Amino acid sequence: MLPLAVRDLTVAYHRKPVVWDIDLEIPEGKLVSIVGPNGAGKSTLIKACLDLIPRTSGEITMYGETYSQSRKRVGYVPQRESVDWDFPVSALDVVAMGTYGKLGWFRRVNKRSKALALDALDRVGLADYAHRQISQLSGGQQQRTFLARALVQDADVYFMDEPFAAVDAATEQAIVELLKELQQRGKTCLVVHHDLATVPQYFDWTVLLNMRVVAAGPTKDVFTEENLRKTYGGKLSLLSEAAEELAKSI
Amino acid sequence: MFEISEIIDVLLLRNYNTRLVVICTMLLGCACGLMGGFLLLRKRSLMGDTLSHATLPGVCLAFFVGVMLGGQGKSLPLLLLGATTTGVLGCATVLFIRNHSRIKDDAAMGIVLSVFFGAGVALLTIVTKMPSGAAAGLESFIYGKTASMVLSDFRLLTAVTVCVLSLSGLLFKEFRLLCFDEVYAAAQGWPVKRLDVLLLALVTLVTVAGLQAVGLILIIAFLITPAAAARFWTDRLDQMLLLSALIGGVSGWMGASLSALIPNLPAGALIVLVAAAFFLLSLLFGTKRGVLVRYLRQLKLKRSVGRQHLLRALYEILEADAGPTDDVLIRSVPFRKVRGRRTWSDRQLRSSLRLAYQEGLIDAVNDRDMITLTRAGLDAAAQVTRNHRLWELYLIEYADVATSRVDRDADAVEHVLGEKLVALLEAKLIKLRITSGLEVPASPHPITPGD
């Protein structure tokens, strides 16, 4: 069963389409980069997969099931800017949130959850920072805290929204090693990525996205100059013009 | 003025007339403080304000209905039901405007708040002119009137407080996740919308329950102020919520007591003023993020930086005098020469000197213009200079910092070098053979001599 299969996915905000007719099949055990210009719908694609935004049409399955059925096998790393880092919790508290799903209603965070969280923090090299309030962490450390929170879920497929955005070199290295380790254990990772230069080095599977899928497949096959031109500079004018018209007509 | 015994009687609830009122406001304060914590962290403070203002038309309409049904109209459950209805309606209107137009939250709340409140004021004028005349007293919902509290209010407030405390205890983990990272909570499968509604429902509950005591204009302060004050003392959510409930409770107790002592001063206003006093104290003296703590932290860093600059300047002057092979010896150095080593003002340097003297690093300044290190001072100066140069060498070796810039770059970091980092530096630089004992490595760049 494929960790992710998307058929005919269209998502629209205020009736303005953000992604159109996405068809995607991701094989198991790949490190997948999702690459495309700003506004290409990379985050939207991830959020639609996780049922965080309503989809206009299409069908998404993970291991042959809907997301709500396969939720326990899926880990999510949101963008770092999506939360208030001034919130009164420690790094350990944040990572322990990864265990809330398994804990279920009303049950408090127990010793086992904390042990798991500490272990995950250790894997991202932050064991010494467990009890720091999260605003006292650097940007890279905050990002690694988010990764640890996903790790604690012990999922089979991970969705990561720009984990490399504005992090220091040490964090970038730590994340890359973590991705490799996850891959060795047979996990699948889908990573929204913005640094084209490192795509071939970090990822063995690539999805080029600009409102629709320009190309998807092994990085060495699809990461070509022509595909990139289609994704970034290419003429998608008809689609975007149609979208403009739609937006105007509302 | 009052007798001390009178004050104590009121504060210790010995006075039968005030006992009920004070206990009621304390309970309300606890419940408000707790819910306010969540409201603040959920960034919904203004929503609470909208909610409370939108209750006024409901109160008046409920009174209408009561009169129509043939009663006196002033049945409390009916009035509170009306308040809840329009309060929730107000919040729903805000959400509707936000979701279906491009108007942002704050504008939507501003509109809804004033429209509902305006409608309420208009209705209030109409009902007070109704022939039954029983509407007198409805305006106490605006400013609050604790004195009118009776046993049934106590029962209501106890029930509300127990409900709020137990639910937020049970759902602590869920509410924490909701407030911190709503999107992640949704991805994990928590019913985010329903949790959000529940949280707002609890806020509505304490707001409506508190209407009579504090009034709809001031209740928002009772919700938010204790929570904002508590945030200055702790970085942990559970502690913050408990402290917020405590501050709320104490504010209620003290405010209501004061109002019992001073006739004609409304309790609502006094409660809010007491809470504001707690806020001000916390803002200034809070141990986690209070103004004073932050100032002291900065002062400490500034002093430690000044000390290190002074010691290194002295060491480098002595070092230059000693020549390349000789040991660095203690000699007196003119103030002007030290002053010329850095861009620092006379005042800064003098203050660093004063501190260094207190620490025993330099001898008493007999001649105002000559500075002499003590033995301990020289050791400390060697240590400081050594750390600086180790860091410089590290930057040149590992971080490709240009030799001409390394002095300034090292300056930015060396002040926070701890023993652990220095040990790491020594290990890294071992191949440079500069780490035997406490030997100070030579400066990697020419040192500009002092004036």
# chains A, B, ... in the order shown; residues from 1 in each chain; ligands from 1
call {"tool": "interface_residues", "arguments": {"of": "chain B", "to": "chain A", "cutoff": "9 Å", "atoms": "only C-alpha atoms", "output": "list of chain:residue names"}}
result
B:Leu41, B:Gly169, B:Leu170, B:Leu171, B:Phe172, B:Lys173, B:Glu174, B:Leu177, B:Cys179, B:Phe180, B:Asp181, B:Glu182, B:Val183, B:Tyr184, B:Ala185, B:Ala186, B:Ala187, B:Gln188, B:Gly189, B:Trp190, B:Arg231, B:Thr234, B:Asp235, B:Arg236, B:Leu237, B:Asp238, B:Met240
call {"tool": "residues_around", "arguments": {"residues": "His193 in chain A", "least_positions_apart": "2", "cutoff": "9 Å", "atoms": "only C-alpha atoms", "output": "ChimeraX atom specification"}}
result
/A:33-36,42,160-165,191,195-196,199
call {"tool": "write_last_selection", "arguments": {"atoms": "N, CA and C atoms", "output": "compact mmCIF listing (two decimals), in the first residue's frame"}}
result
# COMPACT_ATOMS: atom_id res chain seq x y z
N SER A 33 10.92 15.68 -1.61
CA SER A 33 10.85 17.14 -1.49
C SER A 33 9.68 17.63 -2.33
N ILE A 34 8.96 18.59 -1.78
CA ILE A 34 7.91 19.26 -2.53
C ILE A 34 8.41 20.66 -2.82
N VAL A 35 8.64 20.95 -4.09
CA VAL A 35 9.33 22.17 -4.47
C VAL A 35 8.47 22.99 -5.42
N GLY A 36 8.52 24.30 -5.26
CA GLY A 36 7.78 25.16 -6.18
C GLY A 36 7.87 26.59 -5.71
N LYS A 42 2.19 24.56 -2.01
CA LYS A 42 2.90 23.46 -1.34
C LYS A 42 2.28 23.16 0.03
N MET A 160 6.25 17.46 6.53
CA MET A 160 7.00 18.55 7.17
C MET A 160 6.90 19.80 6.32
N ASP A 161 6.42 20.86 6.96
CA ASP A 161 6.21 22.11 6.22
C ASP A 161 7.38 23.06 6.45
N GLU A 162 8.26 23.14 5.48
CA GLU A 162 9.44 24.02 5.54
C GLU A 162 10.27 23.87 6.80
N PRO A 163 10.72 22.67 7.11
CA PRO A 163 11.55 22.52 8.32
C PRO A 163 12.91 23.21 8.18
N PHE A 164 13.33 23.47 6.94
CA PHE A 164 14.65 24.08 6.76
C PHE A 164 14.60 25.60 6.69
N ALA A 165 13.41 26.18 6.85
CA ALA A 165 13.27 27.62 6.69
C ALA A 165 14.00 28.35 7.82
N VAL A 191 8.60 16.61 2.44
CA VAL A 191 9.15 17.82 3.00
C VAL A 191 8.95 18.99 2.04
N ASP A 195 15.00 25.40 -0.88
CA ASP A 195 16.37 25.61 -1.33
C ASP A 195 16.69 24.61 -2.44
N LEU A 196 16.56 25.08 -3.69
CA LEU A 196 16.74 24.19 -4.83
C LEU A 196 18.12 23.53 -4.83
N VAL A 199 18.30 20.14 -3.07
CA VAL A 199 17.31 19.10 -3.36
C VAL A 199 17.95 17.78 -3.78
call {"tool": "select_by_dssp", "arguments": {"residues": "range 21-76 of chain A", "states": "strand (DSSP E)", "output": "list in words"}}
result
Asp21, Ile22, Asp23, Leu24, Glu25, Ile26, Leu31, Val32, Ser33, Ile34, Val35, Ser57, Gly58, Glu59, Ile60, Thr61, Val74, Gly75 and Tyr76 of chain A
call {"tool": "residues_around", "arguments": {"residues": "Leu211 in chain B", "least_positions_apart": "4", "cutoff": "8 Å", "atoms": "only C-alpha atoms", "output": "list in words"}}
result
Ser52, Phe141, Ile142, Gly144, Thr207, Gly215, Leu216 and Ile219 of chain B
call {"tool": "residues_around", "arguments": {"residues": "range 275-292 of chain B", "least_positions_apart": "3", "cutoff": "7 Å", "atoms": "only C-alpha atoms", "output": "mmCIF file with N, CA and C atoms, in the first residue's frame"}}
result
data_model
loop_
_atom_site.group_PDB
_atom_site.id
_atom_site.type_symbol
_atom_site.label_atom_id
_atom_site.label_comp_id
_atom_site.auth_asym_id
_atom_site.auth_seq_id
_atom_site.Cartn_x
_atom_site.Cartn_y
_atom_site.Cartn_z
ATOM 1 N N THR B 225 -6.949 40.890 33.458
ATOM 2 C CA THR B 225 -5.883 41.457 34.285
ATOM 3 C C THR B 225 -5.162 40.426 35.166
ATOM 4 N N PRO B 226 -5.889 39.569 35.910
ATOM 5 C CA PRO B 226 -5.158 38.587 36.725
ATOM 6 C C PRO B 226 -4.273 37.675 35.874
ATOM 7 N N ALA B 229 -1.216 39.509 34.747
ATOM 8 C CA ALA B 229 -0.304 39.683 35.887
ATOM 9 C C ALA B 229 0.440 38.386 36.172
ATOM 10 N N PHE B 232 3.783 37.292 34.369
ATOM 11 C CA PHE B 232 5.092 37.859 34.714
ATOM 12 C C PHE B 232 5.868 37.001 35.705
ATOM 13 N N TRP B 233 5.169 36.063 36.363
ATOM 14 C CA TRP B 233 5.817 35.308 37.430
ATOM 15 C C TRP B 233 6.241 33.912 37.038
ATOM 16 N N THR B 234 5.723 33.409 35.963
ATOM 17 C CA THR B 234 6.015 32.007 35.656
ATOM 18 C C THR B 234 6.017 31.747 34.155
ATOM 19 N N GLY B 248 -7.139 36.618 40.949
ATOM 20 C CA GLY B 248 -8.544 36.965 40.752
ATOM 21 C C GLY B 248 -9.325 36.865 42.052
ATOM 22 N N SER B 251 -8.285 39.598 44.480
ATOM 23 C CA SER B 251 -8.814 40.889 44.035
ATOM 24 C C SER B 251 -10.288 41.007 44.406
ATOM 25 N N ILE B 271 -12.741 46.258 42.677
ATOM 26 C CA ILE B 271 -12.147 44.958 42.349
ATOM 27 C C ILE B 271 -11.160 45.115 41.192
ATOM 28 N N VAL B 272 -11.607 45.826 40.176
ATOM 29 C CA VAL B 272 -10.750 46.007 39.005
ATOM 30 C C VAL B 272 -9.501 46.807 39.380
ATOM 31 N N TYR B 295 15.952 44.425 33.978
ATOM 32 C CA TYR B 295 16.925 45.498 34.114
ATOM 33 C C TYR B 295 18.174 44.994 34.849
ATOM 34 N N LEU B 296 17.943 44.239 35.939
ATOM 35 C CA LEU B 296 19.069 43.733 36.727
ATOM 36 C C LEU B 296 19.929 42.785 35.903
#
call {"tool": "residues_around", "arguments": {"residues": "range 254-257 of chain B", "least_positions_apart": "4", "cutoff": "9 Å", "atoms": "only C-alpha atoms", "output": "list in words"}}
result
Ile7, Val10, Leu11, Leu13, Thr18, Arg19, Val21, Val22, Ile23, Thr25, Met26, Thr146, Gly249, Val250, Leu261, Ile262, Pro266, Ala267, Gly268, Ala269, Leu270, Ile271, Val272, Leu273, Val274 and Ala275 of chain B
call {"tool": "write_last_selection", "arguments": {"atoms": "N, CA and C atoms", "output": "PDB file, in the first residue's frame"}}
result
ATOM      1  N   ILE B   7     -12.029  47.071  59.988  1.00  0.00           N
ATOM      2  CA  ILE B   7     -11.385  46.566  58.769  1.00  0.00           C
ATOM      3  C   ILE B   7     -11.152  45.069  58.884  1.00  0.00           C
ATOM      4  N   VAL B  10     -14.244  42.978  58.493  1.00  0.00           N
ATOM      5  CA  VAL B  10     -14.699  42.808  57.114  1.00  0.00           C
ATOM      6  C   VAL B  10     -13.798  41.821  56.370  1.00  0.00           C
ATOM      7  N   LEU B  11     -12.475  42.022  56.513  1.00  0.00           N
ATOM      8  CA  LEU B  11     -11.546  41.165  55.780  1.00  0.00           C
ATOM      9  C   LEU B  11     -11.668  39.705  56.200  1.00  0.00           C
ATOM     10  N   LEU B  13     -14.297  38.311  57.198  1.00  0.00           N
ATOM     11  CA  LEU B  13     -15.671  37.857  56.937  1.00  0.00           C
ATOM     12  C   LEU B  13     -16.476  37.696  58.220  1.00  0.00           C
ATOM     13  N   THR B  18     -21.528  41.504  55.024  1.00  0.00           N
ATOM     14  CA  THR B  18     -20.609  41.497  53.887  1.00  0.00           C
ATOM     15  C   THR B  18     -20.101  40.098  53.567  1.00  0.00           C
ATOM     16  N   ARG B  19     -20.300  39.147  54.510  1.00  0.00           N
ATOM     17  CA  ARG B  19     -19.690  37.832  54.306  1.00  0.00           C
ATOM     18  C   ARG B  19     -20.092  37.231  52.968  1.00  0.00           C
ATOM     19  N   VAL B  21     -21.356  38.592  50.269  1.00  0.00           N
ATOM     20  CA  VAL B  21     -20.883  39.343  49.104  1.00  0.00           C
ATOM     21  C   VAL B  21     -19.412  39.055  48.836  1.00  0.00           C
ATOM     22  N   VAL B  22     -18.612  39.069  49.901  1.00  0.00           N
ATOM     23  CA  VAL B  22     -17.171  38.873  49.718  1.00  0.00           C
ATOM     24  C   VAL B  22     -16.871  37.474  49.213  1.00  0.00           C
ATOM     25  N   ILE B  23     -17.561  36.475  49.792  1.00  0.00           N
ATOM     26  CA  ILE B  23     -17.315  35.102  49.328  1.00  0.00           C
ATOM     27  C   ILE B  23     -17.723  34.961  47.863  1.00  0.00           C
ATOM     28  N   THR B  25     -17.752  37.257  45.485  1.00  0.00           N
ATOM     29  CA  THR B  25     -16.805  37.884  44.564  1.00  0.00           C
ATOM     30  C   THR B  25     -15.487  37.113  44.518  1.00  0.00           C
ATOM     31  N   MET B  26     -15.119  36.476  45.638  1.00  0.00           N
ATOM     32  CA  MET B  26     -13.907  35.656  45.622  1.00  0.00           C
ATOM     33  C   MET B  26     -14.053  34.487  44.664  1.00  0.00           C
ATOM     34  N   THR B 146     -22.639  44.648  43.878  1.00  0.00           N
ATOM     35  CA  THR B 146     -22.457  43.462  44.714  1.00  0.00           C
ATOM     36  C   THR B 146     -23.435  43.420  45.864  1.00  0.00           C
ATOM     37  N   GLY B 249      -9.121  35.763  42.768  1.00  0.00           N
ATOM     38  CA  GLY B 249      -9.834  35.555  44.023  1.00  0.00           C
ATOM     39  C   GLY B 249      -9.495  36.625  45.047  1.00  0.00           C
ATOM     40  N   VAL B 250      -8.197  36.915  45.181  1.00  0.00           N
ATOM     41  CA  VAL B 250      -7.776  37.913  46.168  1.00  0.00           C
ATOM     42  C   VAL B 250      -8.293  39.299  45.775  1.00  0.00           C
ATOM     43  N   LEU B 261     -16.439  48.741  53.245  1.00  0.00           N
ATOM     44  CA  LEU B 261     -15.957  49.727  54.211  1.00  0.00           C
ATOM     45  C   LEU B 261     -16.280  51.147  53.786  1.00  0.00           C
ATOM     46  N   ILE B 262     -16.164  51.384  52.465  1.00  0.00           N
ATOM     47  CA  ILE B 262     -16.381  52.736  51.972  1.00  0.00           C
ATOM     48  C   ILE B 262     -17.723  52.786  51.281  1.00  0.00           C
ATOM     49  N   PRO B 266     -18.620  51.666  44.206  1.00  0.00           N
ATOM     50  CA  PRO B 266     -19.054  50.381  43.647  1.00  0.00           C
ATOM     51  C   PRO B 266     -17.953  49.330  43.723  1.00  0.00           C
ATOM     52  N   ALA B 267     -18.352  48.130  44.109  1.00  0.00           N
ATOM     53  CA  ALA B 267     -17.382  47.044  44.272  1.00  0.00           C
ATOM     54  C   ALA B 267     -16.682  46.719  42.958  1.00  0.00           C
ATOM     55  N   GLY B 268     -17.433  46.721  41.857  1.00  0.00           N
ATOM     56  CA  GLY B 268     -16.848  46.351  40.562  1.00  0.00           C
ATOM     57  C   GLY B 268     -15.609  47.164  40.271  1.00  0.00           C
ATOM     58  N   ALA B 269     -15.731  48.475  40.434  1.00  0.00           N
ATOM     59  CA  ALA B 269     -14.603  49.354  40.144  1.00  0.00           C
ATOM     60  C   ALA B 269     -13.437  49.065  41.079  1.00  0.00           C
ATOM     61  N   LEU B 270     -13.744  48.851  42.368  1.00  0.00           N
ATOM     62  CA  LEU B 270     -12.666  48.592  43.324  1.00  0.00           C
ATOM     63  C   LEU B 270     -11.952  47.272  43.033  1.00  0.00           C
ATOM     64  N   ILE B 271     -12.741  46.258  42.677  1.00  0.00           N
ATOM     65  CA  ILE B 271     -12.147  44.958  42.349  1.00  0.00           C
ATOM     66  C   ILE B 271     -11.160  45.115  41.192  1.00  0.00           C
ATOM     67  N   VAL B 272     -11.607  45.826  40.176  1.00  0.00           N
ATOM     68  CA  VAL B 272     -10.750  46.007  39.005  1.00  0.00           C
ATOM     69  C   VAL B 272      -9.501  46.807  39.380  1.00  0.00           C
ATOM     70  N   LEU B 273      -9.662  47.791  40.258  1.00  0.00           N
ATOM     71  CA  LEU B 273      -8.499  48.584  40.666  1.00  0.00           C
ATOM     72  C   LEU B 273      -7.508  47.735  41.461  1.00  0.00           C
ATOM     73  N   VAL B 274      -8.035  46.869  42.327  1.00  0.00           N
ATOM     74  CA  VAL B 274      -7.130  45.983  43.072  1.00  0.00           C
ATOM     75  C   VAL B 274      -6.388  45.058  42.110  1.00  0.00           C
ATOM     76  N   ALA B 275      -7.140  44.490  41.161  1.00  0.00           N
ATOM     77  CA  ALA B 275      -6.502  43.612  40.172  1.00  0.00           C
ATOM     78  C   ALA B 275      -5.442  44.383  39.397  1.00  0.00           C
TER      79      ALA B 275
END
call {"tool": "residues_around", "arguments": {"residues": "range 215-229 of chain A", "least_positions_apart": "6", "cutoff": "7 Å", "atoms": "only C-alpha atoms", "output": "PyMOL selection string"}}
result
chain A and resi 200+203-208
call {"tool": "select_by_dssp", "arguments": {"residues": "range 68-314 of chain B", "states": "helix (DSSP H, G or I)", "output": "count of residues only"}}
result
196
call {"tool": "atom_distance", "arguments": {"atom1": "CA of Val197 in chain B", "atom2": "CA of Val160 in chain B"}}
result
17.0 Å
call {"tool": "residues_around", "arguments": {"residues": "Arg44 in chain B", "least_positions_apart": "3", "cutoff": "12 Å", "atoms": "only C-alpha atoms", "output": "list of chain:residue names"}}
result
B:Met35, B:Gly36, B:Gly37, B:Phe38, B:Leu39, B:Leu40, B:Leu41, B:Met47, B:Gly48, B:Asp49, B:Thr50, B:Leu51, B:Cys91, B:Val94, B:Asp105, B:Asp106, B:Met109, B:Cys179, B:Asp196, B:Leu199, B:Leu200, B:Val203, B:Ile220, B:Leu223, B:Ile224
call {"tool": "write_last_selection", "arguments": {"atoms": "N, CA and C atoms", "output": "compact mmCIF listing (two decimals), in the first residue's frame"}}
result
# COMPACT_ATOMS: atom_id res chain seq x y z
N MET B 35 -10.36 31.30 33.68
CA MET B 35 -10.79 31.36 32.27
C MET B 35 -10.05 32.46 31.53
N GLY B 36 -9.75 33.55 32.25
CA GLY B 36 -9.00 34.64 31.62
C GLY B 36 -7.65 34.18 31.12
N GLY B 37 -7.02 33.25 31.86
CA GLY B 37 -5.73 32.72 31.43
C GLY B 37 -5.83 32.09 30.05
N PHE B 38 -6.84 31.25 29.88
CA PHE B 38 -7.03 30.61 28.57
C PHE B 38 -7.37 31.64 27.50
N LEU B 39 -8.23 32.58 27.89
CA LEU B 39 -8.69 33.60 26.93
C LEU B 39 -7.51 34.42 26.42
N LEU B 40 -6.64 34.80 27.37
CA LEU B 40 -5.46 35.60 27.02
C LEU B 40 -4.54 34.83 26.07
N LEU B 41 -4.28 33.56 26.40
CA LEU B 41 -3.35 32.78 25.59
C LEU B 41 -3.95 32.39 24.26
N MET B 47 -12.65 39.24 22.39
CA MET B 47 -13.87 38.46 22.23
C MET B 47 -14.67 38.48 23.53
N GLY B 48 -13.95 38.38 24.65
CA GLY B 48 -14.62 38.46 25.95
C GLY B 48 -15.32 39.80 26.13
N ASP B 49 -14.67 40.84 25.65
CA ASP B 49 -15.24 42.18 25.76
C ASP B 49 -16.52 42.29 24.92
N THR B 50 -16.45 41.76 23.71
CA THR B 50 -17.63 41.76 22.84
C THR B 50 -18.78 41.01 23.51
N LEU B 51 -18.42 39.86 24.02
CA LEU B 51 -19.42 39.01 24.67
C LEU B 51 -20.13 39.76 25.80
N CYS B 91 -21.04 37.13 19.68
CA CYS B 91 -19.83 36.41 19.26
C CYS B 91 -20.03 35.74 17.91
N VAL B 94 -19.65 38.19 15.16
CA VAL B 94 -18.24 38.46 14.87
C VAL B 94 -17.66 37.38 13.97
N ASP B 105 -10.78 40.60 12.32
CA ASP B 105 -11.30 40.36 13.66
C ASP B 105 -11.58 41.62 14.47
N ASP B 106 -10.54 42.47 14.58
CA ASP B 106 -10.65 43.60 15.50
C ASP B 106 -11.76 44.56 15.07
N MET B 109 -15.16 42.98 15.77
CA MET B 109 -15.49 43.04 17.19
C MET B 109 -15.91 44.45 17.59
N CYS B 179 -4.84 26.02 22.61
CA CYS B 179 -4.35 27.40 22.69
C CYS B 179 -2.98 27.54 22.05
N ASP B 196 -13.10 24.62 21.05
CA ASP B 196 -13.11 26.07 21.04
C ASP B 196 -14.45 26.60 21.55
N LEU B 199 -14.65 26.15 25.26
CA LEU B 199 -13.86 27.16 25.96
C LEU B 199 -14.63 28.49 26.02
N LEU B 200 -15.19 28.87 24.88
CA LEU B 200 -15.96 30.12 24.84
C LEU B 200 -17.21 30.02 25.71
N VAL B 203 -16.21 30.68 29.19
CA VAL B 203 -16.00 32.11 29.36
C VAL B 203 -17.34 32.83 29.47
N ILE B 220 -14.46 42.36 31.75
CA ILE B 220 -13.31 41.98 30.91
C ILE B 220 -12.00 42.20 31.66
N LEU B 223 -11.38 39.40 33.90
CA LEU B 223 -10.95 38.20 33.19
C LEU B 223 -9.47 38.28 32.83
N ILE B 224 -9.07 39.41 32.24
CA ILE B 224 -7.75 39.49 31.62
C ILE B 224 -6.65 39.92 32.57
call {"tool": "closest_residue", "arguments": {"among": "A:Leu147, A:Cys189, A:Leu137, A:Val176", "to": "Gln79 in chain A", "atoms": "only C-alpha atoms"}}
result
A:Leu147
